[in-house]
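Peer 1: Here it is: the structure, laid out below.
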Amino acid sequence: MRETPLSNCERQFLVQAIAEKKRLDGRQTFDYRNVKITFGTDYGCCIVDLGKTRVLAQISCELVAPKMNRPTEGILFFNLELSQMASPAFEPGRQSELVVKLNRLLERCLRNSKCIDTESLCVVSGEKVWQIRVDLHLLNHDGNIMDAASIAAITALCHFRRPDVSIQGEDVTVYTPEEQDPIPLSIHHMPICVSFSFFQQGTYLLVDPSEREERVMDGLLVIAMNKHREICTIQSSGGIMLLKDQVLRCSKIASVKVTEISELIQKALENDKKVRKEGGKFGFAESMPNQRITAYKMEVAPVDTGDIGKKTEDLIYNSEPPSEFIPSPVVCAPGTGQIGEGLQNSWGLEENEDGEEAEAEDQAMEEELQTMDVKVKSVKKEDPITLSDSEEEDVVILEPKTMKKKVNVQASSTAASKKKKKKPVH
Amino acid sequence: MVSKESFDRATLEVTLKPKVGLPGVAERSKEQCIRETCAAALLTRLHPRTSITLSLQTVHDDGALLACCLNAACMALMDAGLPMHCLFCGVSCAIDQQGTIRLDPTAREEKESRAVMTFALDSTDCRVMMSSTKGSYTAAELQQCIAVCQRASQSIFQFHRDSVSRRYCKA
């Protein structure tokens with residue numbers, strides 16, 4: 001769906017308000033929106049809310065062969081997806097410029113800064129290394145996707161635990177989480193992106209633009225920094241020309257913000273660790289607040305199924321018994337079998353009967369199939385069907401004609417005109 | 001580019017995204033099940049030549065995923081205010097190796113079971129709108145599972161009613 005264009009008066013209103021140092025949501029120029037981090041039940045899964053912008057991150061790992069030119073290093077793979085859930089403007093399938101830009105920035109921020117120790121991901125040099133895959137899904141777009149995505153990615157990477165591996169000579173054993181506790185990734189530092197939006201050719205600056213502000217901005221400056229005040233990535237886009245001291249000022253603001261956000265991430269990680277160690281409940285369902293009217297939780301609800309047995313017994317007893325007749329497949333050409341087409345109803349279920357033997361196809365069967373009637377055993381209507389577990393299940397296996405033919409044995413007189421094909425599963 | 005516009009009814013598009021990796025055939029088949037159920041419940045003929053998009057994102061999968069998607073779809077359609085002639089719910093059950101029927105199986109229970117079934121049941125008569133099954137079972141077991149799921153759907157519909165009344169009540 002195409003994005004609704006921003007009207008001129010709305011644009012003017014926003015720019016005017018920014019010139020008067022007013023923001024629509026009442027924030028100050030350097031204020032961040034409320035950041036909320038929740039972890040899921042799996043290790044490496046987290047949702048980050050930056051105001052109303054919401055990003056879901058999931059880390060997974062796999063043993064693969066390493067790259068040719070880097071035989072001792074693990075592989076990091078990033079994938080940020082803009083779901084159609086986030087905004088109707090994001091259409092599925094079409095890779096827009098925005099997605100490419102965000103992915104590239106994320107890669108530069110996290111891979112090129114060497115925040116994850118890839119050497120520690122090596123298992124067998126040149127043969128097996130861990131590939132860490134970071135999947136980010138944007139669940140709601142309210143501006144500043146980059147910041148939210150970088151916080152989600154680095155938090156999830158810190159939260160993730162990979163399976164323990166042991167190497168004995170040539171054998172590599174990967175332990176399941178039950179056998180050995182999984183171990184965390186080795187992370188040197190935590191780079192976090194901070195976005196600055198510029199208006200009126202660089203005159204006015206806002207930190208953490210919301211979606212409306214992003215629409216009217218002239219240019220964007222993204223600085224990725226860690227809490228040790230090291231700049232990991234800088235990107236300036238939109239074609240605005242910034243002065244040197246403007247960039248320096250932004251980096252100072254960024255270092256303050258990054259310190260705050262890093263503290264928040266650490267606190268969230270520690271809380272989660274504490275809850276898991278104490279055996280309490282964790283996960284998305286638990287972190288959902290109870291008091292909101294838009295949220296509702298129900299505990300495990302028991303279902304009374306006492307009289308189900310009797311009801312279904314009556315149901316089956318009163319319904320039509322399944323057809324006894326199963327036509328054998330008609331083989332038109334080697335490798336193809338045809339069942340039921342143009343012939344009678346062939347979805348009858350088999351019943352286990354005494355005295356019947358397995359029969360294979362016969363040449364005569366093909367002609368007889370045309371004239372075959374569905375013969376229902378008269379005995380069936382009288383016996384009530386019991387729901388016993390000992391009822392055997394029979395599986396019909398298609399066989400081509402070339403298999404060796406067994407003699408067509410006819411059973412008792414009541415089943416004289418019945419043909420059946422049965423192969424019990426061993 | 002073929003237009004999916006339909007002259008006499010609304011077109012429904014369903015997208016289900018897994019948490020890790022690209023959507024594959026399993027997701028497409030679940031999308032198909034969900035689309036058929038929703039199209040049966042929605043009054044699509046009221047809005048011809050329009051398109052309704054339903055996006056689902058897996059946040060955590062611990063079994064009974066299709067049932068969860070169906071429940072989410074129904075609540076979302078209801079919250080969006082789209083006219084439907086009935087609500088529906090998704091219920092999942094598994095038959096383990098001993099023949100016991102377990103409602104709402106976890107991922108581990110699903111793996112160890114002999115058959116897993118998911119049904120979409122409507123709210124007016126509790127009839128089966130869609131069924132998706134995997135594994136082997138007898139006709140009698142199928143009837144038992146349907147009856148059990150119909151019983152369980154009552155709890156789910158009660159939950160629907162409670163959460164909607166909570167949202168819209170004045171107190």
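Every chain in the structure tokens takes a letter, A first, then B, and so on in the order presented; its residues are numbered from 1, and the ligands are numbered from 1 following the presented order.
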Neighbours of Thr294 (chain A) within 10 Å (only C-alpha atoms; same-chain residues fewer than 5 positions away dropped), as a PyMOL selection string?

Peer 2: (chain A and resi 289) or (chain B and resi 163-164+166-168)

Peer 1: Next, dump the selected residues to file, keeping only N, CA and C atoms, as a JSON list (two decimals), in the first residue's frame.

Peer 2:
```json
[["chain", "number", "residue", "atom", "x", "y", "z"],
["A", 289, "PRO", "N", 2.08, -6.43, 31.35],
["A", 289, "PRO", "CA", 1.49, -5.87, 32.57],
["A", 289, "PRO", "C", 0.03, -6.29, 32.69],
["B", 163, "SER", "N", -12.04, -10.78, 27.52],
["B", 163, "SER", "CA", -11.06, -9.77, 27.18],
["B", 163, "SER", "C", -11.70, -8.63, 26.40],
["B", 164, "VAL", "N", -12.70, -8.93, 25.57],
["B", 164, "VAL", "CA", -13.36, -7.85, 24.84],
["B", 164, "VAL", "C", -14.19, -6.98, 25.78],
["B", 166, "ARG", "N", -13.60, -6.52, 28.89],
["B", 166, "ARG", "CA", -12.66, -5.77, 29.69],
["B", 166, "ARG", "C", -12.21, -4.52, 28.95],
["B", 167, "ARG", "N", -12.04, -4.70, 27.65],
["B", 167, "ARG", "CA", -11.56, -3.58, 26.85],
["B", 167, "ARG", "C", -12.61, -2.49, 26.70],
["B", 168, "TYR", "N", -13.84, -2.89, 26.54],
["B", 168, "TYR", "CA", -14.86, -1.90, 26.21],
["B", 168, "TYR", "C", -15.78, -1.53, 27.35]]
```

Peer 1: Write out as a VMD selection string which residues come within 9 Å of region 43-56 of chain A when counting only C-alpha atoms, dropping same-chain ones fewer than 5 positions away.

Peer 2: (chain A and resid 32 to 38 86 135 to 145 147 to 149 151 to 153 155 to 162 210 284) or (chain B and resid 19 59 to 60)

Peer 1: Report as a list of chain:residue names the set of chain A residues whose atoms approach chain B to within 6 Å, with distances computed over only C-alpha atoms.

Peer 2: A:Met85, A:Ile293, A:Thr294, A:Tyr296, A:Val303, A:Thr312

Peer 1: Per DSSP on the backbone, what are the strand (DSSP E or B) residues of region 112-273 of chain A, as a PyMOL selection string?

Peer 2: chain A and resi 116+122-124+128-140+161-162+165-168+171-174+183-184+187+192-199+204-207+219-225+231-237

Peer 1: Using only C-alpha atoms, pick whichever of A:Thr336, A:His228, A:Phe199, A:Ser287 has the shortest atom-to-atom distance to Glu214 (chain A).

Peer 2: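 Nearest to Glu214 (chain A): A:Phe199.
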
Peer 1: Hey, what's within 9 Å of Arg28 (chain B) if we count only C-alpha atoms and toss same-chain stuff fewer than 4 positions away? As a list in words, please?

Peer 2: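 Counting only C-alpha atoms, the residues come to Thr15, Leu16, Pro23, Gly24, Gln32 and Cys33 of chain B.
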
Peer 1: Within 8 Å of Leu206 (chain A), counting only C-alpha atoms, which residues qualify if same-chain residues fewer than 4 places away don't, as a list in words?

Peer 2: Thr29, Phe30, Phe196, Ser197 and Phe198 of chain A

Peer 1: Using all heavy atoms, can you export the residues from the last selection as a tab-separated table (two decimals), in the first residue's frame?

Peer 2:
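Okay, out.tsv is ready:
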```
chain	number	residue	atom	x	y	z
A	29	THR	N	14.74	18.55	23.31
A	29	THR	CA	15.52	18.29	22.08
A	29	THR	C	16.37	17.03	22.20
A	29	THR	O	16.51	16.28	21.25
A	29	THR	CB	16.46	19.46	21.80
A	29	THR	OG1	15.79	20.66	22.10
A	29	THR	CG2	16.89	19.47	20.35
A	30	PHE	N	16.95	16.79	23.37
A	30	PHE	CA	17.89	15.67	23.52
A	30	PHE	C	17.28	14.50	24.26
A	30	PHE	O	18.00	13.64	24.76
A	30	PHE	CB	19.16	16.12	24.26
A	30	PHE	CG	19.86	17.26	23.60
A	30	PHE	CD1	20.25	18.37	24.32
A	30	PHE	CD2	20.10	17.24	22.23
A	30	PHE	CE1	20.88	19.44	23.70
A	30	PHE	CE2	20.72	18.30	21.61
A	30	PHE	CZ	21.12	19.40	22.34
A	196	PHE	N	20.46	11.27	15.01
A	196	PHE	CA	20.18	12.71	15.11
A	196	PHE	C	19.53	13.15	13.81
A	196	PHE	O	20.04	12.86	12.74
A	196	PHE	CB	21.48	13.49	15.29
A	196	PHE	CG	22.24	13.10	16.51
A	196	PHE	CD1	23.16	12.06	16.46
A	196	PHE	CD2	22.04	13.77	17.70
A	196	PHE	CE1	23.87	11.71	17.59
A	196	PHE	CE2	22.75	13.41	18.83
A	196	PHE	CZ	23.67	12.38	18.78
A	197	SER	N	18.44	13.87	13.92
A	197	SER	CA	17.79	14.36	12.70
A	197	SER	C	17.97	15.87	12.63
A	197	SER	O	17.91	16.56	13.65
A	197	SER	CB	16.31	14.00	12.69
A	197	SER	OG	15.70	14.46	13.86
A	198	PHE	N	18.21	16.36	11.40
A	198	PHE	CA	18.47	17.79	11.19
A	198	PHE	C	17.36	18.43	10.38
A	198	PHE	O	16.83	17.82	9.46
A	198	PHE	CB	19.81	17.98	10.49
A	198	PHE	CG	20.96	17.63	11.36
A	198	PHE	CD1	21.51	16.36	11.32
A	198	PHE	CD2	21.47	18.56	12.25
A	198	PHE	CE1	22.57	16.03	12.14
A	198	PHE	CE2	22.51	18.23	13.08
A	198	PHE	CZ	23.07	16.96	13.03
```

Peer 1: If we count only C-alpha atoms, what is near Thr173 (chain A) at a cut-off of 12 Å, once residues fewer than 2 positions away on the same chain are taken out, given as a PDB file with N, CA and C atoms, in the first residue's frame?

Peer 2:
```pdb
ATOM      1  N   LEU A  63      26.326 -24.992  13.096  1.00  0.00           N
ATOM      2  CA  LEU A  63      27.707 -25.327  12.744  1.00  0.00           C
ATOM      3  C   LEU A  63      27.821 -25.413  11.225  1.00  0.00           C
ATOM      4  N   VAL A 123      35.399 -24.002  15.923  1.00  0.00           N
ATOM      5  CA  VAL A 123      35.375 -25.317  16.572  1.00  0.00           C
ATOM      6  C   VAL A 123      36.521 -26.168  16.026  1.00  0.00           C
ATOM      7  N   VAL A 124      36.506 -26.418  14.713  1.00  0.00           N
ATOM      8  CA  VAL A 124      37.620 -27.109  14.072  1.00  0.00           C
ATOM      9  C   VAL A 124      38.096 -26.194  12.961  1.00  0.00           C
ATOM     10  N   LYS A 128      34.797 -26.572  10.784  1.00  0.00           N
ATOM     11  CA  LYS A 128      33.521 -26.277  11.435  1.00  0.00           C
ATOM     12  C   LYS A 128      33.645 -25.036  12.303  1.00  0.00           C
ATOM     13  N   PRO A 163      25.329 -23.778  22.339  1.00  0.00           N
ATOM     14  CA  PRO A 163      25.559 -25.100  22.926  1.00  0.00           C
ATOM     15  C   PRO A 163      27.040 -25.344  23.169  1.00  0.00           C
ATOM     16  N   ASP A 164      27.341 -26.124  24.182  1.00  0.00           N
ATOM     17  CA  ASP A 164      28.714 -26.444  24.511  1.00  0.00           C
ATOM     18  C   ASP A 164      29.225 -27.520  23.553  1.00  0.00           C
ATOM     19  N   VAL A 165      30.489 -27.396  23.157  1.00  0.00           N
ATOM     20  CA  VAL A 165      31.077 -28.349  22.210  1.00  0.00           C
ATOM     21  C   VAL A 165      32.315 -28.943  22.832  1.00  0.00           C
ATOM     22  N   SER A 166      32.566 -30.236  22.553  1.00  0.00           N
ATOM     23  CA  SER A 166      33.841 -30.792  22.988  1.00  0.00           C
ATOM     24  C   SER A 166      34.453 -31.538  21.820  1.00  0.00           C
ATOM     25  N   ILE A 167      35.769 -31.470  21.732  1.00  0.00           N
ATOM     26  CA  ILE A 167      36.463 -32.086  20.597  1.00  0.00           C
ATOM     27  C   ILE A 167      37.396 -33.157  21.139  1.00  0.00           C
ATOM     28  N   GLN A 168      37.194 -34.398  20.675  1.00  0.00           N
ATOM     29  CA  GLN A 168      38.131 -35.461  21.023  1.00  0.00           C
ATOM     30  C   GLN A 168      38.770 -35.950  19.737  1.00  0.00           C
ATOM     31  N   GLY A 169      39.937 -35.474  19.439  1.00  0.00           N
ATOM     32  CA  GLY A 169      40.610 -35.882  18.205  1.00  0.00           C
ATOM     33  C   GLY A 169      39.847 -35.386  16.998  1.00  0.00           C
ATOM     34  N   GLU A 170      39.208 -36.343  16.310  1.00  0.00           N
ATOM     35  CA  GLU A 170      38.481 -35.970  15.109  1.00  0.00           C
ATOM     36  C   GLU A 170      37.012 -35.705  15.392  1.00  0.00           C
ATOM     37  N   ASP A 171      36.481 -36.250  16.526  1.00  0.00           N
ATOM     38  CA  ASP A 171      35.032 -36.162  16.766  1.00  0.00           C
ATOM     39  C   ASP A 171      34.677 -34.870  17.454  1.00  0.00           C
ATOM     40  N   TYR A 175      26.770 -30.731  22.757  1.00  0.00           N
ATOM     41  CA  TYR A 175      25.892 -31.126  23.851  1.00  0.00           C
ATOM     42  C   TYR A 175      24.570 -30.389  23.779  1.00  0.00           C
ATOM     43  N   THR A 176      23.483 -31.083  24.136  1.00  0.00           N
ATOM     44  CA  THR A 176      22.187 -30.421  24.210  1.00  0.00           C
ATOM     45  C   THR A 176      22.135 -29.599  25.501  1.00  0.00           C
ATOM     46  N   GLU A 179      22.250 -31.711  28.611  1.00  0.00           N
ATOM     47  CA  GLU A 179      23.479 -32.374  29.016  1.00  0.00           C
ATOM     48  C   GLU A 179      24.462 -31.407  29.654  1.00  0.00           C
ATOM     49  N   GLN A 180      24.726 -30.306  28.968  1.00  0.00           N
ATOM     50  CA  GLN A 180      25.671 -29.325  29.486  1.00  0.00           C
ATOM     51  C   GLN A 180      25.061 -27.948  29.353  1.00  0.00           C
TER      52      GLN A 180
END
```

Peer 1: Quick one: distance from CA of Thr133 (chain B) to CA of Phe88 (chain B) in Å, one decimal?

Peer 2: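 That distance, rounded to one decimal, is 17.9 Å.
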
Peer 1: Quick one: residues within 8 Å of Gly202 (chain A), only C-alpha atoms, excluding same-chain residues fewer than 2 positions away - as a tab-separated table (two decimals) with N, CA, C and O atoms, in the first residue's frame?

Peer 2:
```
chain	number	residue	atom	x	y	z
A	198	PHE	N	18.21	16.36	11.40
A	198	PHE	CA	18.47	17.79	11.19
A	198	PHE	C	17.36	18.43	10.38
A	198	PHE	O	16.83	17.82	9.46
A	199	PHE	N	17.04	19.65	10.73
A	199	PHE	CA	15.97	20.39	10.06
A	199	PHE	C	16.49	21.76	9.65
A	199	PHE	O	17.38	22.30	10.28
A	200	GLN	N	15.89	22.30	8.62
A	200	GLN	CA	16.26	23.64	8.12
A	200	GLN	C	17.76	23.71	7.82
A	200	GLN	O	18.46	24.55	8.35
A	204	TYR	N	18.45	23.14	13.12
A	204	TYR	CA	17.85	22.52	14.30
A	204	TYR	C	18.15	21.04	14.31
A	204	TYR	O	18.21	20.39	13.28
A	205	LEU	N	18.31	20.54	15.52
A	205	LEU	CA	18.70	19.15	15.67
A	205	LEU	C	17.77	18.47	16.66
A	205	LEU	O	17.39	19.08	17.65
A	218	ASP	N	15.53	16.95	7.12
A	218	ASP	CA	16.37	17.16	5.94
A	218	ASP	C	17.44	16.11	5.86
A	218	ASP	O	17.79	15.66	4.78
A	219	GLY	N	18.00	15.75	6.99
A	219	GLY	CA	19.10	14.79	6.95
A	219	GLY	C	19.19	14.06	8.27
A	219	GLY	O	18.61	14.45	9.27
A	240	ILE	N	22.74	16.82	3.88
A	240	ILE	CA	22.93	18.08	4.61
A	240	ILE	C	24.41	18.26	4.88
A	240	ILE	O	25.15	17.32	5.03
A	241	MET	N	24.78	19.53	4.95
A	241	MET	CA	26.20	19.79	5.19
A	241	MET	C	26.36	20.21	6.64
A	241	MET	O	25.75	21.19	7.07
A	242	LEU	N	27.15	19.43	7.37
A	242	LEU	CA	27.30	19.72	8.79
A	242	LEU	C	28.66	20.32	9.07
A	242	LEU	O	29.66	19.98	8.42
```

Peer 1: What's the 7 Å shell around region 109-112 of chain B, counting only C-alpha atoms, without same-chain residues fewer than 4 positions away, as an MDAnalysis selection string?

Peer 2: chainID B and resid 63 94 96 105 116

Peer 1: With C-alpha atoms retained, could you export that selection as an mmCIF file, in the first residue's frame?

Peer 2:
```cif
data_model
loop_
_atom_site.group_PDB
_atom_site.id
_atom_site.type_symbol
_atom_site.label_atom_id
_atom_site.label_comp_id
_atom_site.auth_asym_id
_atom_site.auth_seq_id
_atom_site.Cartn_x
_atom_site.Cartn_y
_atom_site.Cartn_z
ATOM 1 C CA GLY B 63 3.733 -26.150 19.943
ATOM 2 C CA ALA B 94 -2.144 -34.612 20.101
ATOM 3 C CA ASP B 96 0.451 -39.934 22.118
ATOM 4 C CA PRO B 105 0.367 -29.883 23.291
ATOM 5 C CA VAL B 116 -1.245 -33.971 15.954
#
```
